[in-house]
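Next comes start-v3.pdb, with PDB, C-alpha atoms.
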```
ATOM      1  CA  MET A   1      31.058 -19.612  37.560
ATOM      2  CA  GLY A   2      31.061 -17.789  34.224
ATOM      3  CA  LYS A   3      28.890 -14.806  33.374
ATOM      4  CA  ARG A   4      26.817 -16.979  31.046
ATOM      5  CA  SER A   5      25.660 -19.235  33.887
ATOM      6  CA  GLN A   6      24.531 -16.400  36.157
ATOM      7  CA  ARG A   7      20.813 -15.721  36.445
ATOM      8  CA  ARG A   8      19.777 -12.503  34.706
ATOM      9  CA  SER A   9      16.904 -10.291  35.741
ATOM     10  CA  VAL A  10      14.362  -7.954  34.169
ATOM     11  CA  LEU A  11      12.101  -5.339  35.746
ATOM     12  CA  MET A  12       9.193  -3.951  33.714
ATOM     13  CA  VAL A  13       8.076  -0.470  34.793
ATOM     14  CA  CYS A  14       5.130   1.814  34.062
ATOM     15  CA  VAL A  15       3.493   4.598  36.072
ATOM     16  CA  GLY A  16       1.331   2.636  38.502
ATOM     17  CA  ASN A  17       2.184  -1.035  37.878
ATOM     18  CA  LEU A  18      -1.456  -1.694  37.060
ATOM     19  CA  CYS A  19      -1.706  -2.097  33.266
ATOM     20  CA  ARG A  20       1.380  -2.114  31.047
ATOM     21  CA  SER A  21       4.149  -3.400  33.302
ATOM     22  CA  PRO A  22       2.143  -6.377  34.647
ATOM     23  CA  ILE A  23       1.336  -7.382  31.056
ATOM     24  CA  ALA A  24       5.009  -6.977  30.095
ATOM     25  CA  GLU A  25       6.093  -8.990  33.157
ATOM     26  CA  ALA A  26       3.665 -11.815  32.386
ATOM     27  CA  VAL A  27       4.582 -11.889  28.701
ATOM     28  CA  MET A  28       8.324 -11.882  29.464
ATOM     29  CA  ARG A  29       7.872 -14.767  31.906
ATOM     30  CA  ASP A  30       5.887 -16.644  29.272
ATOM     31  CA  VAL A  31       8.559 -16.029  26.611
ATOM     32  CA  VAL A  32      11.272 -17.203  29.018
ATOM     33  CA  GLU A  33       9.278 -20.328  29.963
ATOM     34  CA  ARG A  34       8.553 -21.209  26.333
ATOM     35  CA  ALA A  35      12.306 -20.990  25.662
ATOM     36  CA  GLY A  36      12.925 -23.316  28.631
ATOM     37  CA  LEU A  37      15.009 -20.652  30.372
ATOM     38  CA  GLN A  38      13.008 -20.060  33.566
ATOM     39  CA  GLY A  39      16.019 -21.088  35.679
ATOM     40  CA  GLU A  40      18.166 -18.453  33.980
ATOM     41  CA  TRP A  41      15.847 -15.426  34.164
ATOM     42  CA  HIS A  42      13.989 -13.595  36.936
ATOM     43  CA  VAL A  43      11.193 -11.182  35.922
ATOM     44  CA  GLU A  44       9.192  -8.666  37.988
ATOM     45  CA  SER A  45       7.340  -5.394  37.491
ATOM     46  CA  ALA A  46       6.985  -2.159  39.446
ATOM     47  CA  GLY A  47       5.468   1.301  39.234
ATOM     48  CA  ILE A  48       7.111   4.693  39.312
ATOM     49  CA  GLU A  49       4.304   5.902  41.575
ATOM     50  CA  GLY A  50       2.920   3.971  44.535
ATOM     51  CA  TRP A  51      -0.772   4.693  44.070
ATOM     52  CA  HIS A  52      -1.752   1.068  43.572
ATOM     53  CA  CYS A  53       0.703  -0.774  45.854
ATOM     54  CA  GLY A  54      -0.671  -4.147  46.860
ATOM     55  CA  CYS A  55      -3.405  -4.113  44.211
ATOM     56  CA  ARG A  56      -3.973  -6.680  41.513
ATOM     57  CA  PRO A  57      -3.586  -5.447  37.914
ATOM     58  CA  ASP A  58      -6.437  -3.805  36.048
ATOM     59  CA  GLU A  59      -9.132  -6.379  35.294
ATOM     60  CA  ARG A  60      -8.794  -5.686  31.565
ATOM     61  CA  ALA A  61      -5.088  -6.583  31.699
ATOM     62  CA  LEU A  62      -5.897  -9.821  33.526
ATOM     63  CA  ASN A  63      -8.604 -10.662  30.977
ATOM     64  CA  VAL A  64      -6.202 -10.221  28.046
ATOM     65  CA  LEU A  65      -3.572 -12.363  29.756
ATOM     66  CA  ALA A  66      -6.147 -15.066  30.541
ATOM     67  CA  ARG A  67      -7.345 -15.127  26.910
ATOM     68  CA  ASN A  68      -3.732 -15.755  25.933
ATOM     69  CA  ASN A  69      -3.360 -18.545  28.518
ATOM     70  CA  ILE A  70      -1.023 -16.592  30.792
ATOM     71  CA  ASP A  71      -1.562 -16.624  34.552
ATOM     72  CA  TYR A  72      -0.621 -13.623  36.687
ATOM     73  CA  TYR A  73      -0.404 -13.653  40.465
ATOM     74  CA  SER A  74       1.717 -10.618  41.433
ATOM     75  CA  HIS A  75       0.547  -7.379  43.017
ATOM     76  CA  ALA A  76       1.553  -3.795  42.307
ATOM     77  CA  ARG A  77       4.641  -2.418  43.998
ATOM     78  CA  VAL A  78       6.633   0.778  43.721
ATOM     79  CA  LEU A  79      10.116   1.004  42.248
ATOM     80  CA  ALA A  80      12.874   1.105  44.882
ATOM     81  CA  PRO A  81      16.446   2.433  44.612
ATOM     82  CA  ALA A  82      17.718  -1.101  45.285
ATOM     83  CA  ASP A  83      16.032  -2.248  42.045
ATOM     84  CA  PHE A  84      18.735  -0.428  40.097
ATOM     85  CA  LEU A  85      21.261  -2.877  41.582
ATOM     86  CA  LYS A  86      19.060  -5.961  41.821
ATOM     87  CA  PHE A  87      18.030  -6.036  38.147
ATOM     88  CA  ASP A  88      20.200  -6.283  35.042
ATOM     89  CA  TYR A  89      17.605  -4.622  32.807
ATOM     90  CA  ILE A  90      14.877  -2.127  33.702
ATOM     91  CA  PHE A  91      12.362  -1.354  30.960
ATOM     92  CA  GLY A  92      10.134   1.695  30.681
ATOM     93  CA  MET A  93       7.022   1.478  28.538
ATOM     94  CA  ASP A  94       7.164   5.010  27.133
ATOM     95  CA  ARG A  95       9.553   7.954  26.947
ATOM     96  CA  SER A  96       8.119   9.536  30.089
ATOM     97  CA  ASN A  97       8.752   6.312  32.035
ATOM     98  CA  LEU A  98      12.259   6.147  30.600
ATOM     99  CA  ALA A  99      13.028   9.746  31.606
ATOM    100  CA  ALA A 100      11.679   9.149  35.133
ATOM    101  CA  LEU A 101      13.754   5.977  35.480
ATOM    102  CA  LYS A 102      16.906   7.815  34.441
ATOM    103  CA  ARG A 103      16.166  10.612  36.948
ATOM    104  CA  MET A 104      15.475   8.104  39.717
ATOM    105  CA  ALA A 105      18.522   5.935  39.081
ATOM    106  CA  PRO A 106      21.091   6.337  41.855
ATOM    107  CA  ASP A 107      24.700   7.093  40.915
ATOM    108  CA  TYR A 108      25.647   3.530  41.838
ATOM    109  CA  ALA A 109      23.030   1.952  39.518
ATOM    110  CA  THR A 110      24.195  -1.055  37.512
ATOM    111  CA  ALA A 111      20.952  -1.840  35.649
ATOM    112  CA  LYS A 112      20.604  -0.960  31.979
ATOM    113  CA  VAL A 113      17.560   1.306  31.620
ATOM    114  CA  LEU A 114      15.873   0.740  28.268
ATOM    115  CA  LEU A 115      12.652   1.309  26.330
ATOM    116  CA  LEU A 116      10.895  -2.037  25.820
ATOM    117  CA  GLY A 117       9.490  -0.970  22.452
ATOM    118  CA  ASP A 118      13.003  -0.586  21.035
ATOM    119  CA  PHE A 119      13.157  -4.372  20.666
ATOM    120  CA  GLY A 120      11.576  -5.403  17.390
ATOM    121  CA  LEU A 121       8.716  -2.923  17.170
ATOM    122  CA  LYS A 122       8.304  -0.621  14.182
ATOM    123  CA  PRO A 123       9.432   2.981  14.806
ATOM    124  CA  ASP A 124       5.865   4.340  14.936
ATOM    125  CA  ASP A 125       4.752   1.550  17.327
ATOM    126  CA  ARG A 126       7.589   1.625  19.898
ATOM    127  CA  ILE A 127       5.711   3.525  22.566
ATOM    128  CA  ILE A 128       3.526   1.272  24.707
ATOM    129  CA  GLU A 129       0.738   3.709  25.529
ATOM    130  CA  ASP A 130      -1.015   3.868  28.893
ATOM    131  CA  PRO A 131      -4.501   2.323  28.477
ATOM    132  CA  TYR A 132      -5.760   3.119  31.977
ATOM    133  CA  TYR A 133      -8.391   5.658  30.883
ATOM    134  CA  ASP A 134      -9.442   3.792  27.739
ATOM    135  CA  ILE A 135     -12.788   2.039  27.531
ATOM    136  CA  GLY A 136     -12.733  -1.678  26.785
ATOM    137  CA  GLU A 137      -9.884  -4.086  26.248
ATOM    138  CA  ALA A 138      -8.671  -3.278  22.713
ATOM    139  CA  SER A 139      -5.736  -1.163  23.889
ATOM    140  CA  PHE A 140      -4.788  -3.871  26.400
ATOM    141  CA  GLU A 141      -4.718  -6.424  23.600
ATOM    142  CA  LYS A 142      -2.481  -4.092  21.594
ATOM    143  CA  ILE A 143      -0.111  -3.855  24.578
ATOM    144  CA  TYR A 144      -0.045  -7.638  24.828
ATOM    145  CA  GLN A 145       0.915  -7.910  21.144
ATOM    146  CA  GLN A 146       3.592  -5.205  21.458
ATOM    147  CA  CYS A 147       5.048  -6.881  24.542
ATOM    148  CA  LYS A 148       5.067 -10.289  22.902
ATOM    149  CA  ILE A 149       7.156  -9.021  19.973
ATOM    150  CA  ALA A 150       9.453  -6.879  22.136
ATOM    151  CA  CYS A 151      10.057  -9.551  24.782
ATOM    152  CA  GLN A 152      10.834 -12.226  22.191
ATOM    153  CA  ASN A 153      13.291  -9.904  20.441
ATOM    154  CA  PHE A 154      14.882  -8.775  23.689
ATOM    155  CA  LEU A 155      15.437 -12.357  24.858
ATOM    156  CA  LYS A 156      16.905 -13.324  21.500
ATOM    157  CA  GLN A 157      19.343 -10.384  21.620
ATOM    158  CA  ALA A 158      20.172 -10.873  25.304
ATOM    159  CA  ARG A 159      21.025 -14.537  24.733
ATOM    160  CA  LYS A 160      23.485 -13.413  22.045
ATOM    161  CA  ASN A 161      24.882 -10.682  24.346
ATOM    162  CA  GLN A 162      23.756  -8.015  21.870
ATOM    163  CA  ILE A 163      22.246  -5.574  24.377
ATOM    164  CA  MET A 164      24.266  -2.352  24.552
TER     165      MET A 164
END
```

I need this file expressed as structure tokens, please.
Amino acid sequence: MGKRSQRRSVLMVCVGNLCRSPIAEAVMRDVVERAGLQGEWHVESAGIEGWHCGCRPDERALNVLARNNIDYYSHARVLAPADFLKFDYIFGMDRSNLAALKRMAPDYATAKVLLLGDFGLKPDDRIIEDPYYDIGEASFEKIYQQCKIACQNFLKQARKNQIM
């Protein structure tokens, strides 16, 4: 079985797995499904901290996903050392997430740790900001739009083996 036929995997990570990473997970799944590649890709999300383990995402995140016709059924979980072997790509939403992921990665890690916003977003828009303390859903909608662009660009590059 060649490398091309192996299933690839993505883990989206933010601080608590309540806002940004569930949106990124849902959007990535949607992008994969729209490309007809659901048999080739596995997508999950996790949090750096375990404060919200077992909880559903923030209601505002679920509302934005629902408005964009995307269902979400997962619950928050915390990042585990095994994730650095299980997943091919682990994405942080901001530089703080990225730094934490690099600190947490065991020496034997095989996953590529990347910033999601580096895929197709303009330089001043690459950081997917934490909306947890914001009022309303506007920042959640912005995250959805950022994730849509980044996930589409990532998948396009990954399919061409252009991810360094």

Selection result of the PyMOL selection byres ((chain A and resi 54) around 12) on this file, as a list in words: Gly16, Asn17, Leu18, Ala46, Gly47, Gly50, Trp51, His52, Cys53, Cys55, Arg56, Pro57, Tyr73, Ser74, His75, Ala76, Arg77 and Val78 of chain A

Atom pair CA of Asp71 (chain A) / CA of Met28 (chain A): separation (Å): 12.1 Å

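Once the PyMOL selection byres ((chain A and resi 25) around 9) is applied to the shown structure, the selection contains Val10, Leu11, Met12, Val13, Arg20, Ser21, Pro22, Ile23, Ala24, Ala26, Val27, Met28, Arg29, Asp30, Val43, Glu44, Ser45, Tyr72 and Cys147 of chain A.
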
Report the residues retrieved by the PyMOL selection byres ((chain A and resi 83-96) around 9) from the displayed file, expressed as a ChimeraX atom specification. /A:8-15,20-21,24,42-43,79-82,97-101,105-106,108-117,126-130

What is the CA of Arg159 (chain A) to CA of Glu40 (chain A) distance in Å?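 Result for CA of Arg159 (chain A) versus CA of Glu40 (chain A): 10.4 Å, one decimal.
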
For a quick check of understanding, using only C-alpha atoms, which of A:Ile143, A:Met104, A:Ala138, A:Ala150 has the smallest distance to Phe119 (chain A)?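 The shortest atom-to-atom distance to Phe119 (chain A) comes from A:Ala150.
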
Provide the CA of Ala158 (chain A) to CA of Pro123 (chain A) distance in Å, to one decimal place.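 Distance between the two atoms: 20.4 Å.
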
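Using all atoms listed in the file for every distance, the candidate list A:Asp118, A:Arg7, A:Glu49, A:Cys19 yields A:Cys19 as the residue closest to Leu65 (chain A).
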
So for region 27-43 of chain A, what box centre and size do we get, axis-aligned, 4 Å extra on each of the six sides, every listed atom, Å to one decimal, as JSON?
```
{"center_x": 11.4, "center_y": -17.2, "center_z": 31.3, "size_x": 21.6, "size_y": 20.1, "size_z": 19.3}
```

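Omitting Val32 (chain A) and its sequence neighbours fewer than 5 positions away, and counting all atoms listed in the file, the residues within 9 Å are Val27, Leu37, Gln38, Glu40, Trp41, Cys151, Gln152 and Leu155 of chain A.
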